[in-house]
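**Q** Dropping in upload24.cif, with mmCIF, C-alpha atoms.
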data_my_file
loop_
_atom_site.group_PDB
_atom_site.id
_atom_site.type_symbol
_atom_site.label_atom_id
_atom_site.label_comp_id
_atom_site.auth_asym_id
_atom_site.auth_seq_id
_atom_site.Cartn_x
_atom_site.Cartn_y
_atom_site.Cartn_z
ATOM 1 C CA MET C 1 129.130 64.551 62.732
ATOM 2 C CA GLU C 2 129.997 65.720 66.244
ATOM 3 C CA LEU C 3 128.757 69.157 67.294
ATOM 4 C CA VAL C 4 132.282 70.491 67.772
ATOM 5 C CA GLU C 5 133.131 69.409 64.219
ATOM 6 C CA LYS C 6 130.049 71.224 62.895
ATOM 7 C CA VAL C 7 131.169 74.392 64.708
ATOM 8 C CA LYS C 8 134.658 74.122 63.216
ATOM 9 C CA GLU C 9 133.249 73.495 59.728
ATOM 10 C CA ALA C 10 131.008 76.565 59.946
ATOM 11 C CA ALA C 11 133.896 78.688 61.265
ATOM 12 C CA ASN C 12 136.240 77.461 58.522
ATOM 13 C CA TYR C 13 133.654 78.292 55.875
ATOM 14 C CA LEU C 14 133.191 81.801 57.275
ATOM 15 C CA SER C 15 136.946 82.263 57.521
ATOM 16 C CA SER C 16 137.214 81.374 53.812
ATOM 17 C CA LYS C 17 134.652 84.122 53.120
ATOM 18 C CA GLY C 18 136.721 86.774 54.911
ATOM 19 C CA PHE C 19 135.326 86.503 58.452
ATOM 20 C CA ASN C 20 138.684 86.616 60.200
ATOM 21 C CA ALA C 21 140.238 87.926 63.421
ATOM 22 C CA ALA C 22 137.244 89.842 64.797
ATOM 23 C CA ASP C 23 137.494 91.658 68.118
ATOM 24 C CA VAL C 24 133.839 91.680 69.134
ATOM 25 C CA GLY C 25 130.681 89.727 68.356
ATOM 26 C CA ILE C 26 127.325 91.503 68.543
ATOM 27 C CA ILE C 27 123.869 89.895 68.672
ATOM 28 C CA LEU C 28 121.084 92.238 67.572
ATOM 29 C CA GLY C 29 117.683 91.536 69.107
ATOM 30 C CA THR C 30 114.107 91.904 67.892
ATOM 31 C CA GLY C 31 113.605 95.155 66.001
ATOM 32 C CA LEU C 32 117.190 96.199 66.727
ATOM 33 C CA GLY C 33 119.043 96.491 63.446
ATOM 34 C CA ALA C 34 120.129 100.130 63.180
ATOM 35 C CA LEU C 35 123.652 99.372 64.391
ATOM 36 C CA VAL C 36 124.242 97.604 61.077
ATOM 37 C CA ASP C 37 123.889 100.957 59.283
ATOM 38 C CA GLU C 38 126.915 102.212 61.253
ATOM 39 C CA ILE C 39 129.163 99.315 60.222
ATOM 40 C CA THR C 40 131.659 99.593 57.379
ATOM 41 C CA VAL C 41 130.672 96.240 55.900
ATOM 42 C CA GLU C 42 133.456 94.106 54.456
ATOM 43 C CA ALA C 43 131.485 90.874 54.087
ATOM 44 C CA GLU C 44 127.999 89.588 54.760
ATOM 45 C CA ILE C 45 126.370 86.222 54.371
ATOM 46 C CA ASP C 46 122.893 84.764 54.832
ATOM 47 C CA TYR C 47 122.537 82.206 57.589
ATOM 48 C CA SER C 48 121.177 79.777 55.004
ATOM 49 C CA GLU C 49 124.597 79.685 53.300
ATOM 50 C CA ILE C 50 126.578 78.795 56.432
ATOM 51 C CA PRO C 51 127.070 75.062 57.065
ATOM 52 C CA HIS C 52 124.943 73.740 59.960
ATOM 53 C CA PHE C 53 123.564 77.206 60.838
ATOM 54 C CA PRO C 54 119.898 77.393 61.819
ATOM 55 C CA ILE C 55 117.686 79.682 59.735
ATOM 56 C CA ALA C 56 115.849 82.610 61.348
ATOM 57 C CA THR C 57 112.089 82.071 61.166
ATOM 58 C CA VAL C 58 110.840 85.198 62.961
ATOM 59 C CA GLU C 59 109.660 87.721 60.372
ATOM 60 C CA PHE C 60 111.425 90.714 61.929
ATOM 61 C CA HIS C 61 114.757 88.881 62.213
ATOM 62 C CA LYS C 62 116.889 89.339 59.104
ATOM 63 C CA GLY C 63 119.066 86.216 59.259
ATOM 64 C CA LYS C 64 122.443 87.616 58.226
ATOM 65 C CA LEU C 65 125.972 87.545 59.579
ATOM 66 C CA ILE C 66 127.848 90.792 58.969
ATOM 67 C CA TYR C 67 131.600 91.383 59.158
ATOM 68 C CA GLY C 68 133.217 94.807 59.157
ATOM 69 C CA LYS C 69 134.586 97.773 61.062
ATOM 70 C CA LEU C 70 132.898 99.870 63.725
ATOM 71 C CA GLU C 71 134.840 102.469 65.722
ATOM 72 C CA ASP C 72 138.132 100.913 64.525
ATOM 73 C CA LYS C 73 137.141 97.511 65.900
ATOM 74 C CA THR C 74 136.598 94.470 63.708
ATOM 75 C CA ILE C 75 133.186 93.039 64.522
ATOM 76 C CA ILE C 76 130.880 90.222 63.527
ATOM 77 C CA ALA C 77 127.226 91.128 63.953
ATOM 78 C CA MET C 78 124.331 88.683 64.026
ATOM 79 C CA GLN C 79 121.361 90.398 62.405
ATOM 80 C CA GLY C 80 118.729 88.048 63.743
ATOM 81 C CA ARG C 81 119.013 85.397 66.445
ATOM 82 C CA PHE C 82 117.454 82.055 67.266
ATOM 83 C CA HIS C 83 114.920 81.265 69.985
ATOM 84 C CA PHE C 84 113.900 78.101 71.776
ATOM 85 C CA TYR C 85 110.244 78.900 70.960
ATOM 86 C CA GLU C 86 110.962 78.553 67.241
ATOM 87 C CA GLY C 87 111.471 74.842 67.791
ATOM 88 C CA TYR C 88 115.259 74.827 67.900
ATOM 89 C CA SER C 89 117.255 72.814 70.382
ATOM 90 C CA MET C 90 119.399 74.786 72.834
ATOM 91 C CA ALA C 91 122.467 73.541 70.957
ATOM 92 C CA GLU C 92 121.081 75.201 67.817
ATOM 93 C CA VAL C 93 120.166 78.401 69.677
ATOM 94 C CA VAL C 94 123.765 78.894 70.846
ATOM 95 C CA PHE C 95 125.468 77.418 67.766
ATOM 96 C CA PRO C 96 126.321 80.885 66.361
ATOM 97 C CA VAL C 97 127.966 81.964 69.639
ATOM 98 C CA ARG C 98 130.150 78.882 69.567
ATOM 99 C CA VAL C 99 131.074 79.655 65.960
ATOM 100 C CA LEU C 100 131.902 83.291 66.797
ATOM 101 C CA ASN C 101 134.113 82.082 69.630
ATOM 102 C CA GLU C 102 135.839 79.659 67.263
ATOM 103 C CA LEU C 103 136.479 82.632 64.936
ATOM 104 C CA GLY C 104 138.338 84.317 67.799
ATOM 105 C CA ILE C 105 136.098 87.094 69.117
ATOM 106 C CA GLU C 106 137.303 88.440 72.470
ATOM 107 C CA ARG C 107 134.012 89.895 73.746
ATOM 108 C CA LEU C 108 130.304 89.429 73.097
ATOM 109 C CA LEU C 109 127.679 92.188 73.205
ATOM 110 C CA ILE C 110 124.002 91.225 73.232
ATOM 111 C CA SER C 111 120.830 93.260 72.806
ATOM 112 C CA ASN C 112 117.233 92.198 73.213
ATOM 113 C CA ALA C 113 113.713 93.573 73.441
ATOM 114 C CA GLY C 114 112.031 92.902 76.774
ATOM 115 C CA GLY C 115 108.956 93.695 78.781
ATOM 116 C CA SER C 116 109.486 95.870 81.855
ATOM 117 C CA MET C 117 107.873 94.737 85.091
ATOM 118 C CA ASN C 118 109.626 97.417 87.135
ATOM 119 C CA LEU C 119 107.002 100.122 87.568
ATOM 120 C CA ASP C 120 109.703 102.764 88.158
ATOM 121 C CA TRP C 121 110.842 102.395 84.565
ATOM 122 C CA LYS C 122 109.184 103.354 81.285
ATOM 123 C CA LYS C 123 109.061 101.654 77.919
ATOM 124 C CA GLY C 124 111.646 103.087 75.539
ATOM 125 C CA GLU C 125 114.337 103.060 78.235
ATOM 126 C CA LEU C 126 117.286 100.658 78.431
ATOM 127 C CA MET C 127 118.320 98.155 81.094
ATOM 128 C CA LEU C 128 121.846 96.861 81.588
ATOM 129 C CA ILE C 129 121.535 93.225 82.590
ATOM 130 C CA ASP C 130 123.314 92.735 85.900
ATOM 131 C CA ASP C 131 122.063 89.201 86.497
ATOM 132 C CA HIS C 132 119.449 86.814 85.174
ATOM 133 C CA ILE C 133 116.949 84.107 86.086
ATOM 134 C CA ASN C 134 116.696 81.207 83.669
ATOM 135 C CA LEU C 135 113.170 79.773 83.354
ATOM 136 C CA GLN C 136 113.735 78.171 79.960
ATOM 137 C CA PRO C 137 113.222 74.404 80.171
ATOM 138 C CA ASP C 138 116.611 73.304 78.871
ATOM 139 C CA SER C 139 120.298 74.249 79.021
ATOM 140 C CA PRO C 140 122.790 74.547 76.147
ATOM 141 C CA LEU C 141 125.226 72.625 78.371
ATOM 142 C CA ARG C 142 123.032 69.514 78.596
ATOM 143 C CA GLY C 143 124.266 66.409 76.788
ATOM 144 C CA THR C 144 127.549 64.740 76.070
ATOM 145 C CA GLU C 145 128.635 66.999 73.197
ATOM 146 C CA ALA C 146 128.535 70.263 75.172
ATOM 147 C CA ALA C 147 131.640 69.250 77.158
ATOM 148 C CA ALA C 148 133.779 69.908 74.061
ATOM 149 C CA PHE C 149 133.349 73.666 74.662
ATOM 150 C CA GLY C 150 134.288 73.810 78.343
ATOM 151 C CA PRO C 151 133.086 72.587 81.732
ATOM 152 C CA ILE C 152 129.404 71.682 81.742
ATOM 153 C CA PHE C 153 129.182 72.681 85.411
ATOM 154 C CA THR C 154 129.932 76.262 84.397
ATOM 155 C CA ASP C 155 130.126 78.823 87.186
ATOM 156 C CA MET C 156 127.411 81.462 86.812
ATOM 157 C CA SER C 157 128.104 83.571 89.907
ATOM 158 C CA ALA C 158 128.938 86.567 87.692
ATOM 159 C CA PRO C 159 127.617 85.847 84.182
ATOM 160 C CA TYR C 160 127.937 89.444 82.928
ATOM 161 C CA ASP C 161 131.421 90.926 82.695
ATOM 162 C CA GLN C 162 131.890 93.515 85.438
ATOM 163 C CA GLU C 163 134.437 95.552 83.487
ATOM 164 C CA LEU C 164 132.131 95.884 80.478
ATOM 165 C CA ASN C 165 129.142 96.693 82.710
ATOM 166 C CA ASN C 166 131.099 99.385 84.571
ATOM 167 C CA LEU C 167 132.193 100.937 81.283
ATOM 168 C CA LEU C 168 128.633 100.944 79.914
ATOM 169 C CA THR C 169 127.374 102.582 83.114
ATOM 170 C CA GLN C 170 130.025 105.309 82.904
ATOM 171 C CA LEU C 171 129.410 105.885 79.193
ATOM 172 C CA ALA C 172 125.652 106.184 79.736
ATOM 173 C CA GLN C 173 126.252 108.871 82.358
ATOM 174 C CA LYS C 174 128.577 110.768 80.012
ATOM 175 C CA GLN C 175 126.077 110.556 77.147
ATOM 176 C CA ASN C 176 123.137 111.466 79.412
ATOM 177 C CA ILE C 177 121.408 108.191 78.530
ATOM 178 C CA LYS C 178 119.153 106.589 81.136
ATOM 179 C CA LEU C 179 120.542 103.106 81.674
ATOM 180 C CA ASN C 180 118.669 101.162 84.328
ATOM 181 C CA LYS C 181 120.378 98.147 85.862
ATOM 182 C CA GLY C 182 118.548 95.000 86.850
ATOM 183 C CA VAL C 183 117.628 91.345 86.472
ATOM 184 C CA TYR C 184 116.413 89.738 83.239
ATOM 185 C CA VAL C 185 114.263 86.618 83.334
ATOM 186 C CA SER C 186 114.221 84.389 80.277
ATOM 187 C CA VAL C 187 111.077 82.353 79.595
ATOM 188 C CA ALA C 188 110.304 79.854 76.839
ATOM 189 C CA GLY C 189 107.534 81.812 75.059
ATOM 190 C CA PRO C 190 106.256 82.511 72.523
ATOM 191 C CA ASN C 191 103.041 83.404 74.346
ATOM 192 C CA LEU C 192 103.160 86.475 76.549
ATOM 193 C CA GLU C 193 102.535 86.330 80.287
ATOM 194 C CA THR C 194 99.320 86.415 82.291
ATOM 195 C CA ARG C 195 98.793 88.993 85.033
ATOM 196 C CA ALA C 196 99.541 86.342 87.654
ATOM 197 C CA GLU C 197 102.727 85.335 85.846
ATOM 198 C CA TYR C 198 103.971 88.939 85.751
ATOM 199 C CA ARG C 199 103.354 89.190 89.507
ATOM 200 C CA TYR C 200 105.217 85.935 90.053
ATOM 201 C CA LEU C 201 108.204 86.978 87.939
ATOM 202 C CA ARG C 202 108.428 90.286 89.768
ATOM 203 C CA GLN C 203 108.200 88.577 93.137
ATOM 204 C CA ILE C 204 111.104 86.231 92.352
ATOM 205 C CA GLY C 205 113.308 89.239 91.618
ATOM 206 C CA ALA C 206 113.064 89.991 87.899
ATOM 207 C CA ASP C 207 112.793 93.474 86.398
ATOM 208 C CA VAL C 208 112.492 92.567 82.713
ATOM 209 C CA VAL C 209 111.141 89.487 80.936
ATOM 210 C CA GLY C 210 112.125 88.146 77.531
ATOM 211 C CA MET C 211 112.592 84.966 75.498
ATOM 212 C CA SER C 212 116.270 85.069 74.577
ATOM 213 C CA THR C 213 119.801 86.027 75.677
ATOM 214 C CA VAL C 214 120.290 83.670 78.646
ATOM 215 C CA PRO C 215 121.210 80.581 76.558
ATOM 216 C CA GLU C 216 123.847 82.594 74.683
ATOM 217 C CA VAL C 217 125.187 84.017 77.956
ATOM 218 C CA ILE C 218 125.476 80.524 79.455
ATOM 219 C CA ALA C 219 127.350 79.304 76.364
ATOM 220 C CA ALA C 220 129.657 82.342 76.459
ATOM 221 C CA ASN C 221 130.461 81.757 80.121
ATOM 222 C CA GLN C 222 131.282 78.125 79.438
ATOM 223 C CA MET C 223 133.872 79.312 76.880
ATOM 224 C CA ASN C 224 135.220 82.098 79.152
ATOM 225 C CA LEU C 225 133.972 84.704 76.678
ATOM 226 C CA PRO C 226 133.250 88.055 78.408
ATOM 227 C CA VAL C 227 129.683 89.191 77.716
ATOM 228 C CA ALA C 228 127.511 92.251 78.329
ATOM 229 C CA ALA C 229 123.832 92.602 77.478
ATOM 230 C CA ILE C 230 121.304 95.430 77.262
ATOM 231 C CA SER C 231 117.519 95.126 77.107
ATOM 232 C CA VAL C 232 115.407 97.665 75.282
ATOM 233 C CA LEU C 233 112.199 98.043 77.300
ATOM 234 C CA THR C 234 109.499 97.753 74.660
ATOM 235 C CA ASP C 235 106.364 97.418 76.791
ATOM 236 C CA ASP C 236 105.094 98.071 80.316
ATOM 237 C CA CYS C 237 104.051 94.861 82.063
ATOM 238 C CA ASP C 238 101.958 96.189 84.929
ATOM 239 C CA PRO C 239 99.566 93.364 85.923
ATOM 240 C CA ASP C 240 97.079 95.851 87.391
ATOM 241 C CA ASN C 241 96.907 97.830 84.142
ATOM 242 C CA LEU C 242 97.741 95.217 81.535
ATOM 243 C CA GLN C 243 96.935 96.050 77.912
ATOM 244 C CA PRO C 244 96.639 93.518 75.069
ATOM 245 C CA ILE C 245 99.974 93.018 73.306
ATOM 246 C CA ASN C 246 100.682 94.935 70.108
ATOM 247 C CA ILE C 247 103.719 93.559 68.256
ATOM 248 C CA GLU C 248 103.816 96.528 65.857
ATOM 249 C CA ASP C 249 104.006 98.899 68.835
ATOM 250 C CA ILE C 250 106.794 96.808 70.399
ATOM 251 C CA ILE C 251 108.848 96.939 67.191
ATOM 252 C CA ALA C 252 108.253 100.698 66.857
ATOM 253 C CA THR C 253 109.351 101.286 70.469
ATOM 254 C CA ALA C 254 112.463 99.159 69.910
ATOM 255 C CA LYS C 255 113.411 101.145 66.826
ATOM 256 C CA GLU C 256 113.002 104.450 68.659
ATOM 257 C CA ALA C 257 114.939 103.350 71.729
ATOM 258 C CA GLU C 258 117.764 101.691 69.844
ATOM 259 C CA LYS C 259 119.245 105.110 69.017
ATOM 260 C CA ASP C 260 120.592 105.190 72.574
ATOM 261 C CA LEU C 261 121.685 101.567 72.317
ATOM 262 C CA VAL C 262 123.686 102.337 69.164
ATOM 263 C CA VAL C 263 125.397 105.256 70.912
ATOM 264 C CA LEU C 264 126.325 103.094 73.902
ATOM 265 C CA PHE C 265 127.673 100.184 71.855
ATOM 266 C CA LYS C 266 129.689 102.545 69.615
ATOM 267 C CA GLN C 267 131.146 104.383 72.595
ATOM 268 C CA LEU C 268 131.999 101.075 74.251
ATOM 269 C CA LEU C 269 133.801 99.854 71.141
ATOM 270 C CA LYS C 270 135.744 103.095 71.071
ATOM 271 C CA THR C 271 136.773 102.604 74.709
ATOM 272 C CA ILE C 272 137.752 98.929 74.920
#
Would you kindly transcribe this structure into structure tokens?
**A**
Amino acid sequence: MELVEKVKEAANYLSSKGFNAADVGIILGTGLGALVDEITVEAEIDYSEIPHFPIATVEFHKGKLIYGKLEDKTIIAMQGRFHFYEGYSMAEVVFPVRVLNELGIERLLISNAGGSMNLDWKKGELMLIDDHINLQPDSPLRGTEAAAFGPIFTDMSAPYDQELNNLLTQLAQKQNIKLNKGVYVSVAGPNLETRAEYRYLRQIGADVVGMSTVPEVIAANQMNLPVAAISVLTDDCDPDNLQPINIEDIIATAKEAEKDLVVLFKQLLKTI
């Protein structure tokens, strides 16, 4: 079965389960699930029940698609996402975004947990992604089947929607939330970086490093789907004072910081 047919089959199945006419899709990153508690849920379904959907393998990713109302907008939220490091192809990583687009969402909001290499920032803060560097070893637009979703030579001169970014910046100021703005670099993972690698990533212009988001953003741009993304800064990546990684601490920091993320996403939904 062709990839485009698999996307349509998954979308038709979800439509039959009540996932219809959503305004906004939201991807919730590692440790970032509190937004779900704010949703008036009308339907939810495990990824394992959706035709052709990958299954989340990371223990702190729930693996559910949620449909409902938030601030008078109809949304579809992905509680748990897919990563290249889990062994999925890039086509599988972005499969849900293609399905959400087929279901008719008009905008895509993405969150992730990332390591901050900008020494002016502190863990627990947020960063609005203004641009990115893609160091993952494959593209979701590679191969003959990707052309069914738009031009494979997709323009990436402005991958993050300027209108959405401007609104998020204004809303953060109104809510007195510190929202840094910078460049996200996406690496394959799942290992963390060495001191030399952090220096390298900083020198090529990145502020925050993570293992997600960029494939979905590329796929969204191919389909002309406006996207905005915010990183929760879960650890300080200072190569001169580097501490061993503590996943429990990262998850705890994400949960504490996501209160501001929830406020921003809710206010944005109210505004658009």
**Q** Return the single residue from C:Leu70, C:Ile251, C:Met117, C:Val217 that is closest to Arg195 (chain C), with distances computed using all atoms listed in the file.
**A** C:Met117
**Q** Just how far from CA of Gln203 (chain C) is CA of Asp130 (chain C), in Å to one decimal?
**A**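 So the answer is 17.3 Å.
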**Q** What do you get, as a list in words, if you spell out every residue that the PyMOL selection byres ((chain C and resi 154-158) around 8) selects here?
**A**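 Those residues are Asp131, Gly150, Pro151, Ile152, Phe153, Pro159, Tyr160, Asp161, Gln162, Ile218, Asn221 and Gln222 of chain C.
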**Q** In Å, rounded to a single decimal, give me how far CA of Glu38 (chain C) is from CA of Lys270 (chain C).
**A**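 Pair CA of Lys270 (chain C) / CA of Glu38 (chain C) returns 13.2 Å.
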**Q** What's around Pro137 (chain C) at 10 Å? Count all atoms listed in the file, leave out sequence neighbours fewer than 4 positions away in its own chain, and write the answer as a list in words.
**A**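 Once the nearby chain positions are removed, what remains is Phe84, Met90, Val187 and Ala188 of chain C.
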**Q** So how far away is CA of Asn12 (chain C) from CA of Gly68 (chain C), in Å?
**A**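 Pair CA of Gly68 (chain C) / CA of Asn12 (chain C) returns 17.6 Å.
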**Q** Report the residues retrieved by the PyMOL selection byres ((chain C and resi 268) around 12) from the displayed file, expressed as a ChimeraX atom specification.
**A** /C:24,70-73,107-109,163-172,174-175,228,261-267,269-272
**Q** Could you tell me which of C:Ile27, C:Ala148, C:Met211, C:Met78 comes closest to Ile230 (chain C) if we count only C-alpha atoms?
**A**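 Using only C-alpha atoms, the shortest distance to Ile230 (chain C) belongs to C:Ile27.
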**Q** Can you translate the PyMOL selection byres ((chain C and resi 139) around 7) into the concrete residues it hits in this file, as a PyMOL selection string?
**A** chain C and resi 90+138+140-142+215
**Q** With only C-alpha atoms as the counted atoms, please give the residues lying no more than 12 Å from Val183 (chain C), apart from itself and same-chain residues fewer than 5 positions off, as a list in words.
**A**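 Counting only the stated atoms, we get Gly114, Gly115, Ser116, Met117, Asn118, Met127, Leu128, Ile129, Asp130, Asp131, His132, Ile133, Asn134, Pro159, Tyr160, Leu201, Arg202, Gln203, Ile204, Gly205, Ala206, Asp207, Val208, Val209, Gly210, Val214, Ala229, Ile230 and Ser231 of chain C.
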**Q** For Ile50 (chain C), which residue out of C:Ser186, C:Ser15, C:Ser89, C:Thr194 is the nearest one, using only C-alpha atoms?
**A**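 Result for the nearest residue to Ile50 (chain C): C:Ser15.
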**Q** Which residue gives the smallest distance to Ser48 (chain C) among C:Ala196, C:Tyr85, C:Leu225, C:Lys64, with only C-alpha atoms counted?
**A**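 Ranking C:Ala196, C:Tyr85, C:Leu225, C:Lys64 by distance to Ser48 (chain C), first place goes to C:Lys64.
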**Q** Which residues come within 10 Å of Glu49 (chain C), counting only C-alpha atoms, excluding same-chain residues fewer than 6 positions away, as an NGL selection string?
**A** :C and (10 or 13-14 or 55 or 64)
**Q** Output the selection as a PDB file, in the frame of the given file - C-alpha atoms for each residue.
**A**
ATOM      1  CA  ALA C  10     131.008  76.565  59.946  1.00  0.00           C
ATOM      2  CA  TYR C  13     133.654  78.292  55.875  1.00  0.00           C
ATOM      3  CA  LEU C  14     133.191  81.801  57.275  1.00  0.00           C
ATOM      4  CA  ILE C  55     117.686  79.682  59.735  1.00  0.00           C
ATOM      5  CA  LYS C  64     122.443  87.616  58.226  1.00  0.00           C
TER       6      LYS C  64
END
**Q** Quick one: of C:Val36, C:Val41, C:Leu119, C:Ala113, who's nearest to Asp240 (chain C), counting only C-alpha atoms?
**A**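 Comparing C:Val36, C:Val41, C:Leu119, C:Ala113 against Asp240 (chain C), the winner is C:Leu119.
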**Q** Counting all atoms listed in the file, which residue out of C:Pro96, C:Gly104, C:Gly25, C:Gly33 sits closest to Ile76 (chain C)?
**A**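 Smallest separation from Ile76 (chain C) among the options: C:Gly25.
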**Q** Hey, what's within 9 Å of Leu3 (chain C) if we count only C-alpha atoms and toss same-chain stuff fewer than 5 positions away? As a PyMOL selection string, please?
**A** chain C and resi 8+91+95+145-146+148
**Q** Using the file's own x, y and z axes, so that the box edges lie along x, y and z, what centre and edge lengths in Å (one decimal) does a box around every listed atom of region 81-93 of chain C get when 4 Å is added on each side? Give it as lines of an AutoDock Vina configuration file.
**A**
center_x = 116.4
center_y = 79.1
center_z = 69.6
size_x = 20.2
size_y = 20.6
size_z = 14.4
